>>> print(open('target.txt').read())   # compact mmCIF, C-alpha atoms
# COMPACT_ATOMS: atom_id res chain seq x y z
CA MET A 1 29.19 37.92 -0.25
CA MET A 2 29.97 34.44 -1.62
CA ASP A 3 31.21 33.16 1.80
CA ASN A 4 28.12 34.45 3.53
CA ASN A 5 25.86 32.73 1.02
CA LEU A 6 27.70 29.42 1.50
CA ASN A 7 27.39 29.61 5.27
CA LEU A 8 23.70 30.32 4.93
CA LEU A 9 23.22 27.34 2.66
CA LYS A 10 24.97 25.02 5.14
CA GLU A 11 22.44 25.97 7.80
CA LEU A 12 19.43 25.10 5.60
CA ARG A 13 17.65 21.81 6.13
CA PHE A 14 17.86 19.33 3.24
CA PRO A 15 14.35 19.91 1.82
CA PHE A 16 15.02 23.63 1.64
CA LYS A 17 18.42 22.97 0.06
CA LYS A 18 16.75 20.88 -2.62
CA LEU A 19 14.12 23.56 -3.22
CA PHE A 20 16.76 26.28 -3.47
CA PHE A 21 18.95 24.46 -5.97
CA THR A 22 15.94 23.42 -8.03
CA GLY A 23 14.84 27.04 -8.23
CA LEU A 24 18.38 28.14 -9.05
CA LEU A 25 18.57 25.61 -11.88
CA VAL A 26 15.25 26.79 -13.32
CA PHE A 27 16.47 30.39 -13.14
CA ILE A 28 19.71 29.59 -14.98
CA ILE A 29 17.92 27.66 -17.69
CA SER A 30 15.34 30.39 -18.15
CA CYS A 31 18.08 33.00 -18.52
CA LYS A 32 19.45 31.06 -21.46
CA ASN A 33 16.17 31.29 -23.33
CA SER A 34 16.27 33.48 -26.40
CA LYS A 35 13.93 36.43 -26.80
CA THR A 36 11.99 34.30 -29.24
CA GLN A 37 11.46 31.64 -26.58
CA GLN A 38 10.55 34.29 -24.01
CA ILE A 39 7.90 35.85 -26.18
CA ALA A 40 6.46 32.47 -27.10
CA LEU A 41 6.30 31.38 -23.46
CA ALA A 42 4.96 34.70 -22.29
CA THR A 43 2.11 34.57 -24.74
CA SER A 44 1.36 30.86 -24.69
CA ASP A 45 -1.78 31.52 -22.64
CA ASN A 46 -2.92 34.65 -24.45
CA ASN A 47 -6.57 34.95 -25.43
CA VAL A 48 -5.97 34.84 -29.20
CA SER A 49 -6.83 31.32 -30.31
CA LEU A 50 -5.19 30.59 -33.63
CA ASP A 51 -5.09 27.21 -35.36
CA LEU A 52 -1.75 27.65 -37.10
CA ASP A 53 -1.68 24.14 -38.56
CA LYS A 54 -5.06 24.71 -40.18
CA LEU A 55 -3.99 28.02 -41.69
CA ILE A 56 -0.83 26.47 -43.16
CA ASN A 57 -2.82 23.46 -44.42
CA ASP A 58 -5.31 25.84 -46.02
CA CYS A 59 -2.48 27.52 -47.90
CA GLU A 60 -1.09 24.23 -49.10
CA SER A 61 -4.54 23.08 -50.23
CA GLN A 62 -4.96 26.30 -52.19
CA LEU A 63 -1.60 25.75 -53.86
CA GLU A 64 -2.61 22.21 -54.78
CA ILE A 65 -5.54 23.74 -56.66
CA ALA A 66 -3.63 26.60 -58.27
CA ALA A 67 -0.26 25.08 -59.18
CA PRO A 68 -1.54 22.69 -61.88
CA LYS A 69 -3.10 25.67 -63.65
CA LEU A 70 0.08 27.79 -63.52
CA THR A 71 2.12 26.00 -66.15
CA ASP A 72 3.33 28.84 -68.39
CA LEU A 73 6.86 29.56 -67.16
CA THR A 74 7.00 32.80 -69.15
CA LYS A 75 4.32 34.27 -66.88
CA HIS A 76 3.55 34.56 -63.17
CA PRO A 77 0.31 34.95 -61.19
CA ARG A 78 -0.41 38.57 -60.28
CA LEU A 79 -4.05 38.93 -59.20
CA ILE A 80 -7.48 37.37 -59.16
CA GLU A 81 -10.09 39.84 -60.30
CA THR A 82 -13.19 40.54 -58.23
CA ASN A 83 -15.73 37.70 -58.55
CA GLU A 84 -13.28 35.52 -60.49
CA THR A 85 -11.59 32.37 -59.19
CA GLU A 86 -8.33 31.87 -61.09
CA TRP A 87 -5.08 33.81 -61.17
CA LYS A 88 -4.55 36.34 -63.91
CA GLN A 89 -1.03 35.70 -65.15
CA VAL A 90 1.24 38.43 -66.50
CA PRO A 91 4.56 38.21 -68.39
CA ASN A 92 7.85 37.78 -66.53
CA ASP A 93 8.90 41.18 -67.81
CA LYS A 94 11.78 43.15 -66.29
CA LEU A 95 9.42 46.08 -65.72
CA ILE A 96 6.81 44.04 -63.81
CA TRP A 97 7.81 43.99 -60.16
CA THR A 98 5.80 41.01 -58.90
CA SER A 99 7.59 38.06 -60.53
CA GLY A 100 9.44 36.93 -57.39
CA PHE A 101 6.47 36.47 -55.10
CA TYR A 102 5.07 33.22 -56.48
CA PRO A 103 8.38 31.35 -56.18
CA GLY A 104 8.74 32.92 -52.74
CA ILE A 105 5.36 31.52 -51.74
CA LEU A 106 6.51 28.08 -52.89
CA TRP A 107 9.74 28.31 -50.87
CA TYR A 108 7.89 29.30 -47.70
CA THR A 109 5.28 26.59 -48.22
CA TYR A 110 8.08 24.06 -48.59
CA GLU A 111 9.65 25.23 -45.33
CA ALA A 112 6.35 25.30 -43.46
CA THR A 113 5.17 21.86 -44.65
CA GLY A 114 8.33 19.94 -45.52
CA ASN A 115 6.64 18.81 -48.73
CA GLU A 116 9.36 18.30 -51.38
CA ARG A 117 6.83 18.97 -54.11
CA TRP A 118 6.94 22.68 -53.32
CA LYS A 119 10.73 22.78 -53.36
CA GLU A 120 10.76 21.25 -56.83
CA GLU A 121 8.11 23.68 -58.00
CA ALA A 122 9.96 26.61 -56.41
CA ILE A 123 13.19 25.77 -58.22
CA LYS A 124 11.36 25.56 -61.53
CA ARG A 125 9.58 28.87 -60.96
CA THR A 126 12.70 30.65 -59.66
CA GLU A 127 15.23 29.82 -62.31
CA VAL A 128 13.24 31.11 -65.29
CA PHE A 129 14.26 34.71 -64.73
CA GLU A 130 17.95 34.59 -63.84
CA ASP A 131 18.60 37.36 -66.39
CA PHE A 132 16.68 39.75 -64.16
CA LYS A 133 19.83 40.01 -62.06
CA ASN A 134 20.99 42.71 -64.46
CA ILE A 135 17.95 44.99 -64.11
CA THR A 136 18.99 48.58 -63.47
CA GLU A 137 15.84 50.34 -64.70
CA HIS A 138 14.17 50.45 -61.27
CA HIS A 139 14.53 49.50 -57.61
CA ASP A 140 12.14 46.56 -57.67
CA ILE A 141 14.92 44.09 -58.44
CA GLY A 142 14.95 43.49 -54.68
CA PHE A 143 11.29 42.44 -54.67
CA MET A 144 11.84 40.39 -57.80
CA MET A 145 14.97 38.49 -56.83
CA PHE A 146 15.10 38.03 -53.06
CA PRO A 147 11.81 36.16 -52.48
CA ALA A 148 12.86 33.78 -55.27
CA TYR A 149 16.64 33.42 -55.23
CA GLY A 150 17.21 34.63 -51.67
CA LEU A 151 14.76 32.16 -50.17
CA GLY A 152 16.06 29.51 -52.55
CA TYR A 153 19.51 30.01 -51.03
CA GLU A 154 18.31 30.24 -47.42
CA ILE A 155 15.49 27.68 -47.41
CA GLY A 156 16.30 25.46 -50.37
CA GLY A 157 20.06 25.27 -49.83
CA LYS A 158 20.68 26.43 -53.39
CA LYS A 159 24.13 27.86 -52.80
CA GLU A 160 24.62 28.31 -56.54
CA TYR A 161 22.21 31.24 -56.30
CA LYS A 162 24.80 33.30 -54.41
CA ASP A 163 26.41 34.93 -57.44
CA ILE A 164 23.02 35.74 -58.93
CA LEU A 165 22.00 37.50 -55.73
CA ILE A 166 25.24 39.47 -55.50
CA THR A 167 24.93 40.55 -59.13
CA SER A 168 21.35 41.60 -58.39
CA ALA A 169 22.56 43.63 -55.43
CA ASN A 170 25.15 45.33 -57.62
CA SER A 171 22.39 46.26 -60.04
CA LEU A 172 20.28 47.73 -57.24
CA ALA A 173 23.24 49.61 -55.76
CA SER A 174 23.90 51.24 -59.13
CA ARG A 175 20.76 53.32 -58.56
CA TYR A 176 22.11 54.88 -55.37
CA ASN A 177 22.75 58.61 -55.51
CA PRO A 178 25.20 59.74 -52.79
CA LYS A 179 24.16 63.37 -53.28
CA VAL A 180 20.66 62.46 -52.18
CA GLY A 181 21.44 59.55 -49.87
CA THR A 182 18.83 57.19 -51.30
CA ILE A 183 18.34 54.65 -54.06
CA ARG A 184 16.37 56.04 -56.96
CA SER A 185 13.16 54.03 -57.15
CA TRP A 186 11.54 54.71 -60.48
CA SER A 187 12.35 55.75 -64.00
CA ASN A 188 11.15 59.24 -64.88
CA LYS A 189 10.11 57.97 -68.31
CA MET A 190 7.62 55.65 -66.67
CA HIS A 191 6.53 58.28 -64.15
CA PRO A 192 6.69 61.64 -65.97
CA ARG A 193 5.01 63.51 -63.12
CA TRP A 194 8.43 63.60 -61.48
CA GLN A 195 11.50 64.86 -63.33
CA GLN A 196 14.34 64.14 -60.93
CA HIS A 197 15.33 61.62 -58.23
CA ILE A 198 12.27 59.68 -57.00
CA THR A 199 12.27 57.55 -53.84
CA ILE A 200 9.19 55.71 -52.61
CA ILE A 201 8.53 54.17 -49.21
CA ASP A 202 8.28 50.70 -50.80
CA ASN A 203 12.02 50.87 -51.46
CA MET A 204 12.72 50.06 -47.81
CA LEU A 205 12.06 46.39 -48.48
CA ASN A 206 14.56 46.19 -51.31
CA LEU A 207 17.30 46.88 -48.76
CA GLU A 208 17.09 43.23 -47.72
CA LEU A 209 18.94 42.27 -50.91
CA LEU A 210 21.78 44.71 -50.12
CA PHE A 211 22.16 43.55 -46.53
CA TRP A 212 22.23 39.93 -47.67
CA SER A 213 24.88 40.65 -50.28
CA ALA A 214 27.14 42.45 -47.81
CA LYS A 215 27.01 39.39 -45.50
CA HIS A 216 27.66 36.86 -48.25
CA GLY A 217 30.68 38.13 -50.11
CA GLY A 218 29.25 41.10 -51.97
CA SER A 219 30.56 44.63 -51.68
CA LYS A 220 30.63 46.04 -48.15
CA SER A 221 29.33 49.25 -49.72
CA HIS A 222 25.97 47.51 -50.06
CA TYR A 223 25.59 47.64 -46.28
CA ASP A 224 26.53 51.31 -46.18
CA ILE A 225 24.11 52.17 -48.98
CA ALA A 226 21.27 50.35 -47.23
CA VAL A 227 21.93 52.13 -43.94
CA LYS A 228 22.22 55.56 -45.55
CA HIS A 229 19.02 54.99 -47.51
CA ALA A 230 17.23 54.05 -44.28
CA GLU A 231 18.60 57.09 -42.46
CA THR A 232 17.64 59.52 -45.23
CA THR A 233 14.19 57.99 -45.55
CA MET A 234 13.70 58.14 -41.79
CA LYS A 235 14.56 61.84 -41.87
CA ASN A 236 12.50 62.89 -44.88
CA HIS A 237 9.72 60.41 -45.57
CA PHE A 238 7.68 60.65 -42.38
CA ARG A 239 5.43 63.21 -40.78
CA PRO A 240 5.75 64.20 -37.10
CA ASP A 241 3.00 61.67 -36.26
CA TYR A 242 5.06 58.84 -37.88
CA THR A 243 2.83 58.40 -40.91
CA SER A 244 4.48 58.20 -44.30
CA TRP A 245 4.36 59.95 -47.61
CA HIS A 246 4.49 57.61 -50.58
CA VAL A 247 6.70 59.44 -53.08
CA ILE A 248 9.45 61.98 -52.50
CA GLU A 249 11.12 63.77 -55.38
CA TYR A 250 14.62 64.99 -54.58
CA ASP A 251 16.85 67.36 -56.50
CA SER A 252 19.36 64.98 -58.05
CA ILE A 253 22.31 67.30 -57.42
CA SER A 254 21.59 69.15 -54.18
CA GLY A 255 19.51 66.45 -52.50
CA ALA A 256 16.86 69.00 -51.60
CA ILE A 257 13.26 67.83 -51.37
CA LEU A 258 11.25 69.09 -54.32
CA ASN A 259 7.88 67.38 -53.76
CA ARG A 260 6.06 64.96 -51.48
CA HIS A 261 3.32 63.14 -53.37
CA THR A 262 1.50 59.84 -53.75
CA LYS A 263 1.02 57.38 -56.59
CA GLN A 264 -1.29 54.82 -55.00
CA GLY A 265 -2.77 56.62 -52.01
CA TYR A 266 -5.97 58.65 -51.77
CA ALA A 267 -4.20 62.02 -51.83
CA ASP A 268 -0.69 63.43 -51.59
CA ASN A 269 -1.09 64.07 -47.87
CA SER A 270 -3.11 60.97 -47.04
CA ARG A 271 -1.94 57.88 -45.21
CA TRP A 272 -1.81 55.07 -47.77
CA SER A 273 -2.13 51.93 -45.65
CA ARG A 274 0.34 49.71 -47.50
CA GLY A 275 2.84 52.56 -47.43
CA GLN A 276 2.58 52.57 -43.65
CA ALA A 277 3.01 48.78 -43.74
CA TRP A 278 6.19 49.02 -45.84
CA GLY A 279 7.60 51.38 -43.22
CA VAL A 280 6.89 49.05 -40.30
CA TYR A 281 8.40 46.10 -42.11
CA GLY A 282 11.33 48.05 -43.52
CA TYR A 283 12.61 49.51 -40.27
CA THR A 284 12.14 46.24 -38.42
CA LEU A 285 14.32 44.68 -41.11
CA VAL A 286 16.95 47.41 -40.87
CA TYR A 287 17.22 47.02 -37.11
CA LYS A 288 17.51 43.25 -37.41
CA GLU A 289 20.43 43.72 -39.81
CA THR A 290 22.22 46.60 -38.06
CA LYS A 291 21.29 46.27 -34.37
CA ASP A 292 21.31 50.07 -34.29
CA LYS A 293 18.79 51.06 -31.61
CA LYS A 294 17.68 54.17 -33.47
CA PHE A 295 16.11 51.92 -36.07
CA LEU A 296 14.40 49.78 -33.43
CA ASP A 297 12.96 52.85 -31.77
CA PHE A 298 11.70 54.10 -35.13
CA ALA A 299 10.24 50.72 -36.08
CA GLN A 300 8.29 50.68 -32.82
CA LYS A 301 6.99 54.20 -33.35
CA LEU A 302 5.80 53.26 -36.85
CA ALA A 303 4.25 50.03 -35.60
CA ASP A 304 2.45 51.75 -32.75
CA LYS A 305 1.07 54.41 -35.05
CA TYR A 306 -0.12 51.81 -37.55
CA LEU A 307 -1.84 49.82 -34.79
CA SER A 308 -3.56 52.94 -33.48
CA LEU A 309 -5.23 53.49 -36.86
CA LEU A 310 -6.65 49.99 -37.36
CA PRO A 311 -10.34 49.06 -37.42
CA GLU A 312 -11.72 46.30 -35.23
CA ASP A 313 -10.98 43.51 -37.71
CA MET A 314 -7.29 44.52 -37.94
CA VAL A 315 -7.39 44.93 -41.73
CA PRO A 316 -7.19 48.55 -42.89
CA ALA A 317 -8.93 50.27 -45.73
CA TRP A 318 -6.67 50.88 -48.70
CA ASP A 319 -5.97 54.35 -47.30
CA PHE A 320 -6.41 55.30 -43.66
CA ASP A 321 -7.89 58.66 -44.64
CA VAL A 322 -10.94 56.98 -46.19
CA GLN A 323 -11.35 54.30 -43.56
CA ASN A 324 -14.44 55.83 -41.95
CA ASP A 325 -16.39 55.18 -45.15
CA PRO A 326 -17.65 51.57 -45.02
CA LYS A 327 -17.91 51.54 -48.81
CA GLU A 328 -14.15 51.91 -49.23
CA GLU A 329 -12.25 48.73 -50.07
CA LYS A 330 -9.92 46.92 -47.70
CA ASP A 331 -6.28 46.04 -48.24
CA ALA A 332 -5.46 42.61 -46.84
CA SER A 333 -1.96 42.93 -48.30
CA ALA A 334 -1.13 45.70 -45.82
CA ALA A 335 -2.33 43.51 -42.94
CA ALA A 336 -0.23 40.57 -44.13
CA VAL A 337 2.90 42.73 -44.42
CA VAL A 338 2.49 44.11 -40.91
CA ALA A 339 1.59 40.77 -39.34
CA SER A 340 4.86 39.36 -40.62
CA ALA A 341 6.79 42.41 -39.47
CA LEU A 342 5.28 42.38 -35.98
CA LEU A 343 6.24 38.76 -35.42
CA ASP A 344 9.82 39.70 -36.22
CA LEU A 345 9.60 42.81 -34.06
CA SER A 346 8.30 40.79 -31.11
CA THR A 347 11.56 38.82 -31.08
CA LEU A 348 13.75 41.92 -31.33
CA VAL A 349 12.43 44.26 -28.63
CA ASP A 350 13.74 44.02 -25.08
CA ASN A 351 10.64 45.02 -23.17
CA LYS A 352 8.49 42.03 -22.23
CA GLU A 353 5.24 43.98 -22.54
CA ASP A 354 6.19 45.06 -26.05
CA GLN A 355 7.13 41.49 -26.95
CA GLU A 356 3.72 40.25 -25.87
CA ARG A 357 1.86 43.15 -27.44
CA TYR A 358 3.40 42.86 -30.91
CA TYR A 359 3.07 39.08 -30.88
CA ASN A 360 -0.59 39.24 -29.88
CA GLU A 361 -1.41 41.95 -32.41
CA ALA A 362 0.17 39.83 -35.15
CA LEU A 363 -1.93 36.84 -34.09
CA LYS A 364 -5.08 38.95 -34.23
CA MET A 365 -4.20 40.01 -37.77
CA LEU A 366 -3.52 36.45 -38.88
CA LYS A 367 -6.72 35.20 -37.27
CA SER A 368 -8.69 37.83 -39.15
CA LEU A 369 -6.93 37.12 -42.45
CA GLY A 370 -7.56 33.40 -42.05
CA SER A 371 -11.24 33.92 -41.25
CA GLU A 372 -14.20 33.44 -43.55
CA LYS A 373 -14.19 37.16 -44.30
CA TYR A 374 -10.73 37.26 -45.90
CA SER A 375 -9.79 33.65 -46.66
CA ALA A 376 -10.11 32.56 -50.29
CA VAL A 377 -10.67 28.90 -49.39
CA GLY A 378 -13.64 27.62 -51.36
CA LYS A 379 -13.93 30.91 -53.26
CA ALA A 380 -10.79 31.42 -55.38
CA ASP A 381 -7.30 29.97 -55.93
CA SER A 382 -5.43 32.47 -53.74
CA PHE A 383 -4.82 32.41 -49.98
CA LEU A 384 -6.47 35.78 -49.32
CA LEU A 385 -9.14 38.02 -50.79
CA HIS A 386 -9.88 41.75 -50.48
CA SER A 387 -6.61 43.47 -51.28
CA THR A 388 -6.28 46.75 -53.15
CA GLY A 389 -3.26 47.47 -55.28
CA ALA A 390 -3.89 50.92 -56.71
CA LYS A 391 -7.41 52.28 -56.41
CA SER A 392 -6.25 55.80 -57.18
CA LEU A 393 -5.08 54.48 -60.55
CA GLY A 394 -8.31 52.61 -61.15
CA HIS A 395 -7.05 49.03 -61.02
CA GLU A 396 -6.52 46.08 -58.66
CA ILE A 397 -9.47 47.10 -56.50
CA ASP A 398 -10.80 44.48 -54.06
CA VAL A 399 -8.85 41.61 -55.59
CA ALA A 400 -6.51 38.83 -54.59
CA LEU A 401 -2.87 39.91 -54.91
CA ILE A 402 0.15 37.63 -55.13
CA TYR A 403 2.18 39.70 -52.68
CA ALA A 404 -0.61 39.58 -50.10
CA ASP A 405 -0.32 35.79 -50.22
CA TYR A 406 3.48 36.00 -50.03
CA TYR A 407 3.59 38.04 -46.82
CA TYR A 408 0.77 35.97 -45.35
CA ILE A 409 2.62 32.66 -45.77
CA GLU A 410 5.82 34.35 -44.59
CA ALA A 411 4.01 35.39 -41.41
CA LEU A 412 2.64 31.88 -40.86
CA ASP A 413 6.10 30.42 -41.38
CA ARG A 414 7.63 32.90 -38.93
CA LEU A 415 4.95 32.10 -36.36
CA LYS A 416 5.63 28.39 -36.73
CA LYS A 417 9.34 28.95 -36.06
CA ILE A 418 8.54 30.97 -32.96
CA GLN A 419 6.20 28.34 -31.61
CA GLU A 420 8.66 25.55 -32.32
CA LYS A 421 11.10 27.22 -29.91
CA ILE A 422 8.70 27.01 -26.97
>>> encode(input="target.txt", output="structure tokens")
Amino acid sequence: MMDNNLNLLKELRFPFKKLFFTGLLVFIISCKNSKTQQIALATSDNNVSLDLDKLINDCESQLEIAAPKLTDLTKHPRLIETNETEWKQVPNDKLIWTSGFYPGILWYTYEATGNERWKEEAIKRTEVFEDFKNITEHHDIGFMMFPAYGLGYEIGGKKEYKDILITSANSLASRYNPKVGTIRSWSNKMHPRWQQHITIIDNMLNLELLFWSAKHGGSKSHYDIAVKHAETTMKNHFRPDYTSWHVIEYDSISGAILNRHTKQGYADNSRWSRGQAWGVYGYTLVYKETKDKKFLDFAQKLADKYLSLLPEDMVPAWDFDVQNDPKEEKDASAAAVVASALLDLSTLVDNKEDQERYYNEALKMLKSLGSEKYSAVGKADSFLLHSTGAKSLGHEIDVALIYADYYYIEALDRLKKIQEKI
């Protein structure tokens, strides 16, 4: 075959030779493009117009307003109440799961803007809760430590955070029950409705800390625990239509399922929107870390189901089962979580149509979140408005939430990285 091709080339006239080799060179170069480059190029002329620089600048401007007010290092911003403008700050307590998100926001803003001010502020806000590395009372140590110390290591070059992260991972791994195959999420004392081993869908995101530890000198068992947790959750936490329960109570000894309930959703059998979002993000993360195709397939099924349930503005109600009632509050935090996840997913799937689809859906979500309807610019000190933390519990209803802002700036930062590779 090679000899025949060479003979054919010799017979071509010079202009056609030049055209052939030019085309061949373009083909070779294009084959070297990463999936990230392919998705960016494939969607560069899509019909979703998004001013990414403006959205990032809006976030930085909001931080410039908020940061001077957030001076108490014993507290962190948690929410902005409806019709108020400034962050309500809560203590940096080991039982309050949201302490890592504000430093995480600062790290991402530093990466997205290059402004050293945010790095300095991030260091200051991260290092105040080093002792949290020893938390074993609940699973949220992943949420608390990785956005702060993990991003500090990865973005800020703070290599001295390594041991803190590995210790944190050890603390999280101590809650793993091999008889069940999952990490125990909550304390029964704090949640007396359930008497035995409780695992919630949110726990999928804490696996990031375990995967990181296994790659950076921590116990290799951390990887195995994370994978087993993901496998068990995939088997037990989802309905045939790929929607998720919030809380599963397992028998601590036999591993049998005792109950499937909710804490923050509308009803035990309803589809709590942020729970669906945690699933999309969690399984995208697990595939990225393992490259096991079963997790990619599952992540896509969860993503496709989530997308099929969305309203026109791409921001769900706080529970999909109440979405047809226009009086029910929205949850921008769920949209921010999924937007970030879909950008990641668009770079991981092989199929070009899926790459384009997930990328474009993420852009639609970000455009909606950055619009007048959901943006807090000129209204409050946060990035986003209209999130709902726990309506079923009677609090954090139609508010700004710190973790909504965190996943929003993470999504913008991820989009910037994708576009820079065009």
>>> residues_near_point(input="target.txt", point="(6.9, 61.9, -49.4)", cutoff="9 Å", atoms="only C-alpha atoms", output="VMD selection string")
chain A and resid 199 to 201 236 to 239 244 to 249 257 259 to 262 268 to 269
>>> residues_around(input="target.txt", residues="Asp405 in chain A", least_positions_apart="2", cutoff="12 Å", atoms="all atoms listed in the file", output="JSON, numbers by chain")
{"A": [56, 58, 59, 60, 62, 63, 77, 78, 79, 80, 98, 101, 102, 103, 104, 105, 106, 108, 109, 332, 333, 334, 335, 336, 337, 340, 366, 369, 370, 374, 375, 376, 381, 382, 383, 384, 385, 386, 387, 399, 400, 401, 402, 403, 407, 408, 409, 410, 411, 412]}
>>> residues_around(input="target.txt", residues="His197 in chain A", least_positions_apart="4", cutoff="12 Å", atoms="only C-alpha atoms", output="PyMOL selection string")
chain A and resi 138+175-189+191-193+247-260
>>> axis_aligned_box(input="target.txt", around="range 371-390 of chain A", padding_each_side="3 Å", output="JSON")
{"center_x": -8.7, "center_y": 39.3, "center_z": -49.0, "size_x": 16.9, "size_y": 29.3, "size_z": 21.5}
>>> closest_residue(input="target.txt", among="A:Lys235, A:Lys133, A:Lys330, A:Lys159", to="Lys391 in chain A", atoms="all atoms listed in the file")
A:Lys330
>>> atom_distance(input="target.txt", atom1="CA of Leu345 in chain A", atom2="CA of Thr284 in chain A")
6.1 Å
>>> decode(input="target.txt", residues="range 360-366 of chain A", atoms="all heavy atoms", output="PDB file, in the first residue's frame")
ATOM      1  N   ASN A 360     -22.681  23.064  25.281  1.00  0.00           N
ATOM      2  CA  ASN A 360     -23.700  24.079  25.003  1.00  0.00           C
ATOM      3  C   ASN A 360     -24.718  24.196  26.131  1.00  0.00           C
ATOM      4  O   ASN A 360     -25.162  25.299  26.462  1.00  0.00           O
ATOM      5  CB  ASN A 360     -24.403  23.770  23.690  1.00  0.00           C
ATOM      6  CG  ASN A 360     -23.546  24.080  22.485  1.00  0.00           C
ATOM      7  OD1 ASN A 360     -22.749  25.003  22.514  1.00  0.00           O
ATOM      8  ND2 ASN A 360     -23.705  23.306  21.426  1.00  0.00           N
ATOM      9  N   GLU A 361     -25.097  23.062  26.715  1.00  0.00           N
ATOM     10  CA  GLU A 361     -26.040  23.112  27.828  1.00  0.00           C
ATOM     11  C   GLU A 361     -25.427  23.835  29.024  1.00  0.00           C
ATOM     12  O   GLU A 361     -26.114  24.597  29.721  1.00  0.00           O
ATOM     13  CB  GLU A 361     -26.469  21.696  28.227  1.00  0.00           C
ATOM     14  CG  GLU A 361     -27.261  20.941  27.174  1.00  0.00           C
ATOM     15  CD  GLU A 361     -28.576  21.619  26.832  1.00  0.00           C
ATOM     16  OE1 GLU A 361     -29.383  21.865  27.740  1.00  0.00           O
ATOM     17  OE2 GLU A 361     -28.783  21.942  25.641  1.00  0.00           O
ATOM     18  N   ALA A 362     -24.143  23.620  29.260  1.00  0.00           N
ATOM     19  CA  ALA A 362     -23.463  24.335  30.349  1.00  0.00           C
ATOM     20  C   ALA A 362     -23.451  25.832  30.083  1.00  0.00           C
ATOM     21  O   ALA A 362     -23.688  26.642  30.998  1.00  0.00           O
ATOM     22  CB  ALA A 362     -22.032  23.810  30.512  1.00  0.00           C
ATOM     23  N   LEU A 363     -23.183  26.230  28.836  1.00  0.00           N
ATOM     24  CA  LEU A 363     -23.185  27.653  28.499  1.00  0.00           C
ATOM     25  C   LEU A 363     -24.563  28.276  28.701  1.00  0.00           C
ATOM     26  O   LEU A 363     -24.673  29.407  29.188  1.00  0.00           O
ATOM     27  CB  LEU A 363     -22.726  27.856  27.052  1.00  0.00           C
ATOM     28  CG  LEU A 363     -21.244  28.243  26.870  1.00  0.00           C
ATOM     29  CD1 LEU A 363     -20.326  27.183  27.427  1.00  0.00           C
ATOM     30  CD2 LEU A 363     -20.926  28.521  25.409  1.00  0.00           C
ATOM     31  N   LYS A 364     -25.601  27.529  28.348  1.00  0.00           N
ATOM     32  CA  LYS A 364     -26.959  28.049  28.566  1.00  0.00           C
ATOM     33  C   LYS A 364     -27.216  28.284  30.055  1.00  0.00           C
ATOM     34  O   LYS A 364     -27.838  29.285  30.443  1.00  0.00           O
ATOM     35  CB  LYS A 364     -27.987  27.071  28.000  1.00  0.00           C
ATOM     36  CG  LYS A 364     -27.991  26.952  26.493  1.00  0.00           C
ATOM     37  CD  LYS A 364     -28.977  25.875  26.061  1.00  0.00           C
ATOM     38  CE  LYS A 364     -28.893  25.604  24.567  1.00  0.00           C
ATOM     39  NZ  LYS A 364     -29.791  24.492  24.170  1.00  0.00           N
ATOM     40  N   MET A 365     -26.758  27.349  30.878  1.00  0.00           N
ATOM     41  CA  MET A 365     -26.938  27.498  32.325  1.00  0.00           C
ATOM     42  C   MET A 365     -26.189  28.717  32.845  1.00  0.00           C
ATOM     43  O   MET A 365     -26.727  29.503  33.632  1.00  0.00           O
ATOM     44  CB  MET A 365     -26.450  26.235  33.045  1.00  0.00           C
ATOM     45  CG  MET A 365     -27.295  25.015  32.776  1.00  0.00           C
ATOM     46  SD  MET A 365     -26.575  23.534  33.530  1.00  0.00           S
ATOM     47  CE  MET A 365     -27.583  22.269  32.758  1.00  0.00           C
ATOM     48  N   LEU A 366     -24.952  28.880  32.414  1.00  0.00           N
ATOM     49  CA  LEU A 366     -24.147  30.006  32.881  1.00  0.00           C
ATOM     50  C   LEU A 366     -24.718  31.339  32.387  1.00  0.00           C
ATOM     51  O   LEU A 366     -24.689  32.341  33.107  1.00  0.00           O
ATOM     52  CB  LEU A 366     -22.703  29.839  32.438  1.00  0.00           C
ATOM     53  CG  LEU A 366     -21.947  28.677  33.090  1.00  0.00           C
ATOM     54  CD1 LEU A 366     -20.552  28.537  32.490  1.00  0.00           C
ATOM     55  CD2 LEU A 366     -21.867  28.867  34.603  1.00  0.00           C
TER      56      LEU A 366
END
